[in-house]
$ cat run.cif   # mmCIF, C-alpha atoms
data_protein
#
loop_
_atom_site.label_atom_id
_atom_site.label_comp_id
_atom_site.auth_asym_id
_atom_site.auth_seq_id
_atom_site.Cartn_x
_atom_site.Cartn_y
_atom_site.Cartn_z
CA MET A 31 0.00 0.00 0.00
CA SER A 32 1.29 3.47 -0.80
CA ARG A 33 2.32 5.63 2.13
CA THR A 34 0.39 8.64 3.35
CA HIS A 35 1.80 12.12 2.85
CA VAL A 36 1.41 14.42 5.85
CA THR A 37 2.11 18.15 6.05
CA CYS A 38 2.11 19.82 9.45
CA LEU A 39 3.89 22.37 11.59
CA ILE A 40 6.48 20.82 13.88
CA ASN A 41 8.13 23.15 16.39
CA GLY A 42 7.14 26.09 14.23
CA ASP A 43 8.50 24.75 10.94
CA GLU A 44 6.40 23.36 8.13
CA ARG A 45 7.39 19.72 7.73
CA GLU A 46 6.33 16.95 5.42
CA PHE A 47 6.70 13.25 5.97
CA LEU A 48 5.50 9.93 4.61
CA CYS A 49 3.96 7.46 7.02
CA ASP A 50 1.98 4.25 7.17
CA ASP A 51 -1.62 4.63 8.31
CA ASP A 52 -1.10 2.22 11.20
CA GLN A 53 2.00 4.07 12.36
CA SER A 54 1.60 6.11 15.55
CA LEU A 55 2.52 9.77 15.50
CA LEU A 56 5.17 8.81 18.08
CA ASP A 57 6.82 6.41 15.62
CA ALA A 58 6.47 8.87 12.74
CA LEU A 59 8.09 11.68 14.75
CA ARG A 60 11.01 9.40 15.65
CA ASP A 61 11.45 7.34 12.49
CA GLU A 62 10.25 9.64 9.70
CA VAL A 63 11.02 13.11 11.09
CA GLY A 64 14.02 12.17 13.21
CA LEU A 65 12.89 13.77 16.46
CA LEU A 66 14.22 11.36 19.05
CA GLY A 67 13.22 13.41 22.12
CA VAL A 68 9.78 11.86 22.07
CA LYS A 69 10.04 8.47 23.81
CA GLU A 70 8.03 5.30 23.85
CA GLY A 71 7.30 3.99 27.33
CA CYS A 72 4.11 1.97 27.45
CA GLY A 73 2.64 2.67 24.01
CA THR A 74 -0.87 2.66 25.48
CA GLY A 75 -1.34 6.18 26.86
CA ASP A 76 -0.48 5.40 30.47
CA CYS A 77 3.05 6.73 31.00
CA GLY A 78 3.29 10.09 29.19
CA ALA A 79 6.85 9.56 27.89
CA CYS A 80 5.59 10.34 24.37
CA SER A 81 3.84 13.58 25.39
CA ILE A 82 3.61 16.31 22.78
CA MET A 83 1.44 19.35 22.30
CA MET A 84 -0.87 19.21 19.30
CA ASP A 85 -2.68 22.46 18.55
CA GLU A 86 -1.45 23.60 21.98
CA ARG A 87 -3.10 20.74 23.85
CA LEU A 88 -1.18 18.00 25.66
CA HIS A 89 -1.44 14.55 24.05
CA CYS A 90 0.16 11.12 24.13
CA SER A 91 1.60 10.78 20.62
CA CYS A 92 1.40 6.98 20.93
CA LEU A 93 -2.42 7.21 20.84
CA ILE A 94 -2.49 9.32 17.67
CA PHE A 95 -2.44 7.77 14.20
CA ALA A 96 0.31 9.54 12.26
CA PRO A 97 -2.03 10.74 9.45
CA GLU A 98 -4.08 12.61 12.08
CA ALA A 99 -1.25 15.17 12.22
CA GLU A 100 -2.21 16.59 8.81
CA GLY A 101 -2.60 20.35 9.15
CA LYS A 102 -1.87 20.32 12.88
CA SER A 103 0.73 22.24 14.88
CA ILE A 104 2.97 19.99 16.97
CA THR A 105 5.42 20.86 19.71
CA THR A 106 7.99 18.35 20.96
CA VAL A 107 10.73 18.80 23.53
CA GLU A 108 13.06 19.88 20.68
CA GLY A 109 10.87 22.96 20.26
CA LEU A 110 11.19 24.25 23.82
CA ALA A 111 14.66 25.82 23.70
CA GLU A 112 15.45 28.75 21.43
CA GLY A 113 18.90 27.99 20.09
CA ASP A 114 21.21 27.74 23.09
CA ASN A 115 18.67 29.37 25.40
CA LEU A 116 16.93 26.65 27.33
CA ASP A 117 13.28 26.92 28.29
CA PRO A 118 13.14 28.03 31.96
CA LEU A 119 11.72 24.59 32.74
CA GLN A 120 14.71 22.85 31.18
CA GLN A 121 17.04 25.11 33.17
CA ALA A 122 15.14 24.38 36.37
CA PHE A 123 15.23 20.61 35.74
CA LEU A 124 19.01 20.87 35.27
CA GLU A 125 19.61 23.04 38.32
CA GLY A 126 17.29 21.00 40.53
CA ALA A 127 18.54 17.62 39.27
CA ALA A 128 14.94 16.77 38.44
CA LEU A 129 15.95 13.78 36.38
CA GLN A 130 18.01 10.65 36.63
CA CYS A 131 17.90 8.32 33.62
CA GLY A 132 16.11 10.98 31.57
CA VAL A 133 13.74 8.82 29.53
CA CYS A 134 10.62 10.39 31.01
CA THR A 135 12.06 13.93 31.03
CA PRO A 136 10.93 15.15 27.58
CA GLY A 137 7.36 14.12 28.44
CA PHE A 138 7.49 15.85 31.83
CA LEU A 139 8.89 19.01 30.23
CA ILE A 140 6.11 19.13 27.63
CA ALA A 141 3.40 18.39 30.22
CA ALA A 142 4.81 21.06 32.53
CA ARG A 143 5.05 23.56 29.66
CA ALA A 144 1.41 22.85 28.71
CA LEU A 145 0.43 23.52 32.32
CA LEU A 146 2.40 26.76 32.64
CA ASN A 147 1.16 28.07 29.29
CA GLU A 148 -2.34 27.93 30.70
CA THR A 149 -1.72 28.41 34.42
CA PRO A 150 1.47 30.45 34.92
CA SER A 151 1.47 30.16 38.73
CA PRO A 152 0.05 26.76 39.61
CA THR A 153 -0.12 25.41 43.14
CA GLU A 154 1.79 22.25 44.05
CA THR A 155 -1.50 20.33 43.92
CA GLU A 156 -2.25 21.66 40.44
CA ILE A 157 1.25 20.65 39.32
CA ARG A 158 0.85 17.14 40.73
CA TYR A 159 -2.51 16.71 38.96
CA ALA A 160 -1.14 18.11 35.71
CA LEU A 161 1.81 15.68 35.83
CA ALA A 162 -0.28 12.68 36.93
CA GLY A 163 -0.19 11.31 33.38
CA ASN A 164 3.62 11.14 33.38
CA LEU A 165 5.43 8.30 35.11
CA CYS A 166 9.00 8.39 36.40
CA ARG A 167 10.74 5.30 37.77
CA CYS A 168 13.77 7.16 39.18
CA THR A 169 13.12 10.46 40.90
CA GLY A 170 10.18 9.87 43.18
CA TYR A 171 8.68 13.01 41.55
CA ASP A 172 9.61 15.45 44.29
CA LYS A 173 12.44 17.16 42.43
CA ILE A 174 10.32 17.36 39.30
CA VAL A 175 7.51 19.09 41.17
CA ARG A 176 10.01 21.45 42.85
CA ALA A 177 11.55 22.33 39.46
CA VAL A 178 8.16 23.26 38.04
CA LEU A 179 7.33 25.22 41.19
CA ALA A 180 10.62 27.13 40.84
CA VAL A 181 9.66 28.29 37.36
CA SER A 182 6.15 29.06 38.48
CA GLU A 183 7.34 31.26 41.33
CA ASN A 184 9.81 33.08 39.11
CA SER A 185 7.26 33.89 36.46
CA MET B 111 -4.82 -0.89 7.92
CA LYS B 112 -6.16 2.28 6.31
CA TYR B 113 -6.89 5.56 8.15
CA VAL B 114 -9.81 7.67 6.97
CA ALA B 115 -10.66 11.17 8.22
CA ALA B 116 -14.41 11.20 7.63
CA GLN B 117 -15.83 14.61 6.74
CA SER B 118 -19.54 13.77 7.08
CA LEU B 119 -21.89 11.15 8.47
CA THR B 120 -22.56 9.99 4.92
CA GLN B 121 -18.86 9.30 4.47
CA VAL B 122 -18.76 7.40 7.76
CA PHE B 123 -21.57 5.10 6.64
CA GLU B 124 -19.97 4.60 3.21
CA HIS B 125 -16.69 3.54 4.76
CA LEU B 126 -18.43 1.28 7.29
CA GLN B 127 -20.35 -0.45 4.52
CA ASP B 128 -17.30 -0.66 2.22
CA ASP B 129 -15.24 -2.48 4.83
CA PRO B 130 -17.20 -4.55 7.36
CA THR B 131 -14.06 -4.90 9.50
CA SER B 132 -13.71 -1.14 9.95
CA LYS B 133 -13.83 0.58 13.33
CA VAL B 134 -14.89 4.12 14.11
CA PHE B 135 -12.98 6.05 16.75
CA ALA B 136 -12.82 9.45 18.42
CA GLY B 137 -9.83 9.63 20.79
CA ALA B 138 -8.61 6.05 20.19
CA THR B 139 -7.63 5.86 23.87
CA ASP B 140 -9.22 2.41 23.99
CA LEU B 141 -8.80 1.45 20.33
CA VAL B 142 -5.01 1.86 20.16
CA PRO B 143 -4.30 -0.39 23.18
CA GLN B 144 -6.66 -2.98 21.67
CA LEU B 145 -4.84 -2.82 18.33
CA ARG B 146 -1.48 -3.13 20.04
CA ALA B 147 -2.66 -6.11 22.05
CA GLY B 148 -3.90 -7.76 18.86
CA ARG B 149 -7.47 -7.92 20.13
CA LYS B 150 -8.75 -5.99 17.12
CA SER B 151 -7.43 -5.82 13.59
CA PRO B 152 -9.70 -3.57 11.52
CA GLY B 153 -8.97 -3.04 7.82
CA THR B 154 -9.96 0.60 8.20
CA VAL B 155 -10.09 3.02 11.12
CA ILE B 156 -12.56 5.87 10.62
CA ASP B 157 -11.77 9.11 12.46
CA LEU B 158 -14.97 10.73 13.72
CA LYS B 159 -13.24 13.84 15.11
CA THR B 160 -13.15 15.30 11.61
CA VAL B 161 -16.96 15.15 11.23
CA PRO B 162 -18.05 18.69 12.20
CA ARG B 163 -21.32 17.52 13.73
CA LEU B 164 -19.47 15.30 16.22
CA GLN B 165 -17.40 18.18 17.59
CA GLY B 166 -18.49 20.87 19.97
CA LEU B 167 -20.37 21.77 23.11
CA ASN B 168 -23.36 24.03 22.51
CA LEU B 169 -26.33 25.20 24.51
CA VAL B 170 -29.35 25.05 22.20
CA GLU B 171 -32.27 26.67 23.98
CA GLU B 172 -32.28 24.77 27.29
CA THR B 173 -30.44 21.66 26.10
CA TRP B 174 -26.69 21.02 26.04
CA VAL B 175 -25.73 19.37 22.76
CA ILE B 176 -22.37 17.58 23.03
CA GLY B 177 -20.77 16.27 19.85
CA ALA B 178 -19.96 12.62 20.50
CA ALA B 179 -16.25 13.08 19.72
CA THR B 180 -15.77 16.30 21.70
CA PRO B 181 -12.78 15.92 24.06
CA THR B 182 -13.85 15.73 27.70
CA SER B 183 -11.41 18.58 28.46
CA VAL B 184 -13.77 20.85 26.48
CA LEU B 185 -16.55 20.04 28.96
CA THR B 186 -14.46 20.56 32.07
CA ARG B 187 -13.12 23.88 30.73
CA GLU B 188 -16.60 25.35 30.05
CA PRO B 189 -17.69 27.16 33.26
CA SER B 190 -21.40 27.24 32.37
CA PHE B 191 -21.43 23.50 31.69
CA VAL B 192 -19.53 22.77 34.92
CA SER B 193 -21.99 24.98 36.79
CA ASP B 194 -24.99 23.13 35.32
CA PHE B 195 -23.50 19.66 35.88
CA PRO B 196 -20.94 19.61 38.70
CA GLY B 197 -21.29 15.81 38.90
CA LEU B 198 -20.97 14.98 35.22
CA SER B 199 -18.06 17.38 34.80
CA THR B 200 -16.36 15.82 37.84
CA ALA B 201 -16.82 12.37 36.27
CA ALA B 202 -15.44 13.61 32.93
CA GLY B 203 -12.47 15.15 34.74
CA LEU B 204 -11.63 11.89 36.51
CA ILE B 205 -11.13 9.87 33.32
CA GLY B 206 -7.39 9.58 32.75
CA SER B 207 -4.66 12.20 32.67
CA ASP B 208 -4.70 15.61 30.96
CA GLN B 209 -3.18 13.84 27.96
CA ILE B 210 -6.13 11.45 27.83
CA GLN B 211 -8.77 14.10 28.50
CA ASN B 212 -7.68 16.01 25.39
CA ARG B 213 -8.66 12.89 23.39
CA SER B 214 -11.32 11.03 25.37
CA SER B 215 -15.00 11.74 24.71
CA LEU B 216 -18.41 11.02 26.19
CA GLY B 217 -19.31 9.19 22.97
CA GLY B 218 -16.25 6.97 23.30
CA ASN B 219 -16.74 6.36 27.01
CA LEU B 220 -20.31 5.28 26.26
CA CYS B 221 -19.60 3.12 23.19
CA ASN B 222 -16.61 1.39 24.77
CA ALA B 223 -19.28 0.07 27.14
CA SER B 224 -17.04 -0.58 30.11
CA PRO B 225 -19.02 -1.31 33.30
CA ALA B 226 -16.64 1.10 35.09
CA ALA B 227 -17.12 4.07 32.72
CA ASP B 228 -17.23 7.14 34.99
CA SER B 229 -19.35 9.37 32.77
CA VAL B 230 -22.15 6.88 32.14
CA PRO B 231 -23.86 6.85 35.58
CA ALA B 232 -23.40 10.64 35.64
CA MET B 233 -25.16 10.96 32.29
CA ILE B 234 -27.93 8.59 33.35
CA VAL B 235 -28.91 10.51 36.51
CA ASN B 236 -29.19 13.62 34.34
CA ALA B 237 -31.55 11.78 31.96
CA ALA B 238 -29.11 12.26 29.08
CA ARG B 239 -30.14 11.04 25.64
CA VAL B 240 -28.07 10.04 22.66
CA LEU B 241 -28.81 10.90 19.09
CA VAL B 242 -27.63 7.99 16.99
CA ALA B 243 -27.47 7.88 13.21
CA GLY B 244 -27.19 5.13 10.66
CA PRO B 245 -27.64 4.78 6.92
CA ASN B 246 -31.40 4.56 7.43
CA GLY B 247 -31.83 7.65 9.56
CA GLU B 248 -31.54 9.00 13.07
CA ARG B 249 -33.13 8.14 16.41
CA THR B 250 -32.82 9.29 19.98
CA ILE B 251 -32.51 6.88 22.89
CA PRO B 252 -31.87 7.40 26.60
CA VAL B 253 -28.29 6.76 27.74
CA ALA B 254 -29.84 4.41 30.31
CA GLU B 255 -30.88 2.11 27.43
CA MET B 256 -27.61 2.22 25.52
CA LEU B 257 -25.58 -0.41 27.36
CA LEU B 258 -26.71 -4.02 27.22
CA ALA B 259 -23.63 -5.83 28.60
CA PRO B 260 -19.90 -5.19 28.95
CA GLY B 261 -18.70 -4.14 25.50
CA ILE B 262 -22.19 -4.39 23.99
CA THR B 263 -24.31 -1.35 23.08
CA ALA B 264 -27.82 -0.92 21.67
CA LEU B 265 -26.38 0.43 18.41
CA SER B 266 -27.50 -1.38 15.28
CA GLU B 267 -25.10 -2.30 12.48
CA TYR B 268 -23.48 0.83 10.95
CA GLU B 269 -25.06 3.10 13.58
CA ILE B 270 -22.91 5.60 15.44
CA VAL B 271 -23.49 8.04 18.29
CA VAL B 272 -23.66 11.59 16.94
CA GLU B 273 -24.61 13.75 19.92
CA ILE B 274 -25.33 13.53 23.61
CA LEU B 275 -28.28 15.69 24.66
CA ILE B 276 -28.78 16.82 28.25
CA ASP B 277 -31.45 19.28 29.34
CA ARG B 278 -30.30 22.01 31.70
CA PRO B 279 -31.22 21.22 35.30
CA SER B 280 -34.45 22.73 36.57
CA MET B 281 -34.66 24.92 39.68
CA LYS B 282 -32.87 23.72 42.79
CA THR B 283 -31.53 20.64 41.09
CA ALA B 284 -27.94 19.40 41.19
CA ASP B 285 -25.92 16.33 40.32
CA ALA B 286 -22.84 14.88 41.98
CA TYR B 287 -20.35 12.09 41.25
CA GLN B 288 -18.00 10.23 43.58
CA ARG B 289 -15.90 7.18 43.01
CA MET B 290 -13.60 4.82 44.87
CA ILE B 291 -10.29 3.82 43.32
CA PRO B 292 -7.52 1.79 44.97
CA ARG B 293 -4.92 4.42 44.02
CA SER B 294 -5.13 8.19 44.49
CA GLU B 295 -5.18 9.04 40.76
CA MET B 296 -5.17 7.50 37.27
CA ASP B 297 -7.16 4.41 38.14
CA ILE B 298 -10.40 2.66 37.24
CA ALA B 299 -13.35 2.91 39.61
CA ILE B 300 -14.22 -0.05 41.76
CA VAL B 301 -17.43 1.84 42.53
CA GLY B 302 -18.67 4.97 40.76
CA ALA B 303 -21.74 6.69 42.16
CA ALA B 304 -23.83 9.45 40.59
CA ALA B 305 -26.87 11.25 41.98
CA CYS B 306 -29.15 14.03 40.84
CA VAL B 307 -31.49 15.57 43.42
CA SER B 308 -34.19 18.26 43.20
CA VAL B 309 -35.57 20.02 46.26
CA ASN B 310 -38.30 22.62 46.76
CA GLN B 311 -38.02 25.95 48.60
CA ASP B 312 -38.48 24.14 51.93
CA GLY B 313 -35.66 21.69 51.21
CA ILE B 314 -38.05 18.79 50.61
CA CYS B 315 -36.75 16.28 48.06
CA VAL B 316 -39.05 16.36 45.02
CA ALA B 317 -36.98 14.22 42.64
CA ALA B 318 -33.95 11.98 42.97
CA SER B 319 -31.97 9.68 40.72
CA VAL B 320 -29.06 7.52 41.85
CA ALA B 321 -26.95 5.28 39.60
CA LEU B 322 -23.89 3.13 40.30
CA GLY B 323 -21.14 2.05 37.92
CA ALA B 324 -18.51 -0.70 38.19
CA VAL B 325 -20.64 -2.86 40.49
CA ALA B 326 -22.53 -4.90 37.87
CA PRO B 327 -22.28 -5.73 34.14
CA THR B 328 -24.19 -2.51 33.41
CA VAL B 329 -25.11 0.58 35.43
CA VAL B 330 -27.36 -0.12 38.43
CA ILE B 331 -30.18 2.36 38.99
CA ILE B 332 -31.22 2.52 42.65
CA PRO B 333 -34.92 3.09 43.45
CA THR B 334 -35.39 6.44 45.19
CA ASP B 335 -39.18 6.64 45.66
CA PHE B 336 -38.82 6.68 49.44
CA LEU B 337 -36.63 9.81 49.29
CA ILE B 338 -39.39 11.89 47.68
CA GLY B 339 -41.66 14.04 49.83
CA SER B 340 -39.41 14.63 52.82
CA LYS B 341 -36.04 16.08 53.68
CA ILE B 342 -33.18 13.69 53.01
CA ASP B 343 -31.94 12.60 56.45
CA GLU B 344 -29.58 10.02 57.91
CA GLN B 345 -32.36 7.44 58.12
CA SER B 346 -33.33 7.67 54.46
CA LEU B 347 -29.67 7.69 53.43
CA SER B 348 -29.07 4.52 55.46
CA ALA B 349 -32.00 2.88 53.69
CA LEU B 350 -30.53 4.01 50.37
CA ALA B 351 -27.15 2.51 51.30
CA VAL B 352 -28.77 -0.83 52.14
CA ALA B 353 -30.74 -0.84 48.87
CA ALA B 354 -27.60 0.04 46.88
CA ALA B 355 -25.53 -2.70 48.51
CA GLU B 356 -28.26 -5.27 47.84
CA MET B 357 -28.85 -4.29 44.24
CA CYS B 358 -25.30 -4.42 43.01
CA ASP B 359 -23.78 -7.54 41.50
CA PRO B 360 -20.03 -6.89 41.58
CA ILE B 361 -17.07 -9.04 40.61
CA ASP B 362 -14.34 -10.32 42.87
CA ASP B 363 -10.86 -9.43 41.68
CA LYS B 364 -7.48 -8.16 42.81
CA ARG B 365 -8.85 -4.61 42.97
CA GLY B 366 -11.65 -5.39 45.41
CA THR B 367 -13.72 -8.22 46.80
CA ILE B 368 -17.46 -8.58 46.28
CA ALA B 369 -18.14 -7.79 49.94
CA TYR B 370 -15.94 -4.70 49.84
CA ARG B 371 -17.50 -3.41 46.62
CA ARG B 372 -21.00 -3.91 48.05
CA GLN B 373 -20.16 -2.00 51.19
CA VAL B 374 -18.50 0.83 49.28
CA ALA B 375 -21.48 0.96 46.88
CA GLY B 376 -23.77 1.65 49.83
CA VAL B 377 -21.46 4.23 51.36
CA LEU B 378 -20.94 6.10 48.09
CA ALA B 379 -24.64 5.99 47.10
CA SER B 380 -25.43 7.64 50.40
CA ARG B 381 -22.60 10.19 50.27
CA VAL B 382 -23.20 11.22 46.67
CA THR B 383 -26.91 11.69 47.29
CA ARG B 384 -26.11 13.88 50.28
CA GLU B 385 -23.70 15.92 48.18
CA ALA B 386 -26.26 16.43 45.39
CA GLU B 387 -28.91 17.39 47.94
CA LYS B 388 -26.62 19.97 49.52
CA LEU B 389 -25.76 21.47 46.14
CA ALA B 390 -29.44 21.53 45.13
CA THR B 391 -30.47 23.18 48.41
CA ALA B 392 -27.73 25.80 48.09
CA GLY B 393 -28.44 26.39 44.40
CA ASP B 394 -30.21 29.44 43.10
CA ALA B 395 -33.27 29.23 40.99
CA LEU B 396 -32.21 29.25 37.36
#
$ encode --input "run.cif" --output "structure tokens"
Amino acid sequence: MSRTHVTCLINGDEREFLCDDDQSLLDALRDEVGLLGVKEGCGTGDCGACSIMMDERLHCSCLIFAPEAEGKSITTVEGLAEGDNLDPLQQAFLEGAALQCGVCTPGFLIAARALLNETPSPTETEIRYALAGNLCRCTGYDKIVRAVLAVSENS
Amino acid sequence: MKYVAAQSLTQVFEHLQDDPTSKVFAGATDLVPQLRAGRKSPGTVIDLKTVPRLQGLNLVEETWVIGAATPTSVLTREPSFVSDFPGLSTAAGLIGSDQIQNRSSLGGNLCNASPAADSVPAMIVNAARVLVAGPNGERTIPVAEMLLAPGITALSEYEIVVEILIDRPSMKTADAYQRMIPRSEMDIAIVGAAACVSVNQDGICVAASVALGAVAPTVVIIPTDFLIGSKIDEQSLSALAVAAAEMCDPIDDKRGTIAYRRQVAGVLASRVTREAEKLATAGDAL
């Protein structure tokens, strides 16, 4: 079967790629577009490692069929920094050591960015709810929550 | 497998009839895990989100019209909807993470037909209806008649859910939803309890509806006749708890025993009815 041609905005740039209809957007972003920041954890929408923003809303890219991206605007972790200037969240994760192995980190950064875009000064409870769809096996979450709080308080 | 972004109901029916193995989907939060587990292998997946009629939350006169594929986050972000249905919007906001709620829909929660679906008891106590459409036309049926067994709906071949219709609550009426999960977040209810209560100016209960999810193959509707005509008090709530515990038919599994689920069903039926009654009593006339 011929492959499907998709045109969309990825991190602000118009991009085109070819995909199979049964390919997830997660796989297409990694294998067709070459964005390896988006990770596969569970592949069933439970762990949040594949989190992206699509039309400014937080999604698990593993639950999206790649052709659904047609005409959409997608943000991955690669789109957070501007050149060498890290997103304040990335800086706070670094300074607060809010990561260990790092596999879940891109998903946490995107989920936290989605939260702060809408709620610039969330409470700790709001942060914990907003990050409830992201699993981390290393940190015990506390440093992640503190990193997001640090950015929230500075904003 | 082929992906199709349907643009109209007519296109949906054409694709369904072209490929009998095809599956319609909205958020695919249940479909994708089923595909990955090899439990389903459709030749075509038909995206309903791209059908304009299945998207949106609109108040048409005194009825909320919810496109079947509308993400549940749209409901929980709409203050006037949340104000009309604190219970249903609570239920919608309990289903999965933010990631999931930007994909999941009332239509999907209903058609997936899980006994533990949070939104279904909450829709039933609000007397929600579904507008379903098929190649031969449209019909409206109560949500309470949609689910026949786990995974089985009242939809005929090629029929899909188009809209969920819920009338605005009348004066001094409110709904509530509470559930019990073994974890503190991101879990499936072992009991989900919804209530909708109406009171008069003197606080006398004039209407009540209580429904429980996750405690039987389909939603259990608890009789509430004895609540009508007096103030809801501890005695009537105890009777309600006993009736709820007796009427449910739960399963025994690692997440809860039958005895535990029965007891929790009674406790939550009572608590959620109290919560709805308090909200109704405090509520202004519309």
$ atom_distance --input "run.cif" --atom1 "CA of Gln209 in chain B" --atom2 "CA of Ala386 in chain B"
29.0 Å
$ atom_distance --input "run.cif" --atom1 "CA of Asp43 in chain A" --atom2 "CA of Cys90 in chain A"
20.7 Å
$ interface_residues --input "run.cif" --of "chain A" --to "chain B" --cutoff "9 Å" --atoms "all atoms listed in the file" --output "MDAnalysis selection string"
chainID A and resid 50:52 73:76 78 81:82 87:90 92:95 97:98 141 159:164
$ resolve_selection --input "run.cif" --expression "the PyMOL selection byres ((chain A and resi 183) around 12)" --output "PyMOL selection string"
chain A and resi 118-119+122+146+149-154+176-182+184-185
$ closest_residue --input "run.cif" --among "B:Val272, B:Ala390, B:Met256, B:Ala227" --to "Thr180 in chain B" --atoms "all atoms listed in the file"
B:Val272
$ atom_distance --input "run.cif" --atom1 "CA of Ala79 in chain A" --atom2 "CA of Arg149 in chain B"
23.9 Å
$ axis_aligned_box --input "run.cif" --around "range 160-179 of chain A" --padding-each-side "4 Å" --output "JSON"
{"center_x": 6.3, "center_y": 15.3, "center_z": 38.8, "size_x": 22.9, "size_y": 27.9, "size_z": 18.9}
$ residues_around --input "run.cif" --residues "Val235 in chain B" --least-positions-apart "6" --cutoff "7 Å" --atoms "only C-alpha atoms" --output "JSON, numbers by chain"
{"B": [304, 305, 306, 319, 320, 321]}
$ residues_around --input "run.cif" --residues "Cys131 in chain A" --least-positions-apart "2" --cutoff "12 Å" --atoms "all atoms listed in the file" --output "VMD selection string"
chain A and resid 127 to 129 133 to 136 166 to 169
$ resolve_selection --input "run.cif" --expression "the PyMOL selection byres ((chain B and resi 117-123) around 6)" --output "PyMOL selection string"
chain B and resi 116+124-126+160-161
$ resolve_selection --input "run.cif" --expression "the PyMOL selection byres ((chain B and resi 309) around 12)" --output "MDAnalysis selection string"
chainID B and resid 279:285 306:308 310:318 337:342 384 386:395
$ residues_around --input "run.cif" --residues "Thr186 in chain B" --least-positions-apart "2" --cutoff "8 Å" --atoms "all atoms listed in the file" --output "list in words"
Thr182, Ser183, Val184, Glu188, Pro189, Phe191, Val192, Ser199, Thr200, Ala202 and Gly203 of chain B
$ residues_around --input "run.cif" --residues "Gly218 in chain B" --least-positions-apart "4" --cutoff "7 Å" --atoms "only C-alpha atoms" --output "list of chain:residue names"
B:Ala136, B:Ser214, B:Asn222
$ residues_around --input "run.cif" --residues "Ser229 in chain B" --least-positions-apart "3" --cutoff "12 Å" --atoms "all atoms listed in the file" --output "JSON, numbers by chain"
{"B": [182, 185, 195, 196, 197, 198, 199, 200, 201, 202, 203, 204, 205, 206, 214, 215, 216, 217, 218, 219, 220, 221, 222, 223, 224, 225, 226, 232, 233, 234, 235, 236, 238, 253, 254, 274, 286, 287, 288, 289, 299, 302, 303, 304, 321, 322, 323, 324, 329]}
$ decode --input "run.cif" --residues "range 78-117 of chain A" --atoms "C-alpha atoms" --output "CSV table (one decimal), in the first residue's frame"
chain,number,residue,atom,x,y,z
A,78,GLY,CA,3.3,10.1,29.2
A,79,ALA,CA,6.8,9.6,27.9
A,80,CYS,CA,5.6,10.3,24.4
A,81,SER,CA,3.8,13.6,25.4
A,82,ILE,CA,3.6,16.3,22.8
A,83,MET,CA,1.4,19.3,22.3
A,84,MET,CA,-0.9,19.2,19.3
A,85,ASP,CA,-2.7,22.5,18.6
A,86,GLU,CA,-1.5,23.6,22.0
A,87,ARG,CA,-3.1,20.7,23.8
A,88,LEU,CA,-1.2,18.0,25.7
A,89,HIS,CA,-1.4,14.6,24.0
A,90,CYS,CA,0.2,11.1,24.1
A,91,SER,CA,1.6,10.8,20.6
A,92,CYS,CA,1.4,7.0,20.9
A,93,LEU,CA,-2.4,7.2,20.8
A,94,ILE,CA,-2.5,9.3,17.7
A,95,PHE,CA,-2.4,7.8,14.2
A,96,ALA,CA,0.3,9.5,12.3
A,97,PRO,CA,-2.0,10.7,9.5
A,98,GLU,CA,-4.1,12.6,12.1
A,99,ALA,CA,-1.2,15.2,12.2
A,100,GLU,CA,-2.2,16.6,8.8
A,101,GLY,CA,-2.6,20.4,9.2
A,102,LYS,CA,-1.9,20.3,12.9
A,103,SER,CA,0.7,22.2,14.9
A,104,ILE,CA,3.0,20.0,17.0
A,105,THR,CA,5.4,20.9,19.7
A,106,THR,CA,8.0,18.4,21.0
A,107,VAL,CA,10.7,18.8,23.5
A,108,GLU,CA,13.1,19.9,20.7
A,109,GLY,CA,10.9,23.0,20.3
A,110,LEU,CA,11.2,24.2,23.8
A,111,ALA,CA,14.7,25.8,23.7
A,112,GLU,CA,15.4,28.8,21.4
A,113,GLY,CA,18.9,28.0,20.1
A,114,ASP,CA,21.2,27.7,23.1
A,115,ASN,CA,18.7,29.4,25.4
A,116,LEU,CA,16.9,26.7,27.3
A,117,ASP,CA,13.3,26.9,28.3
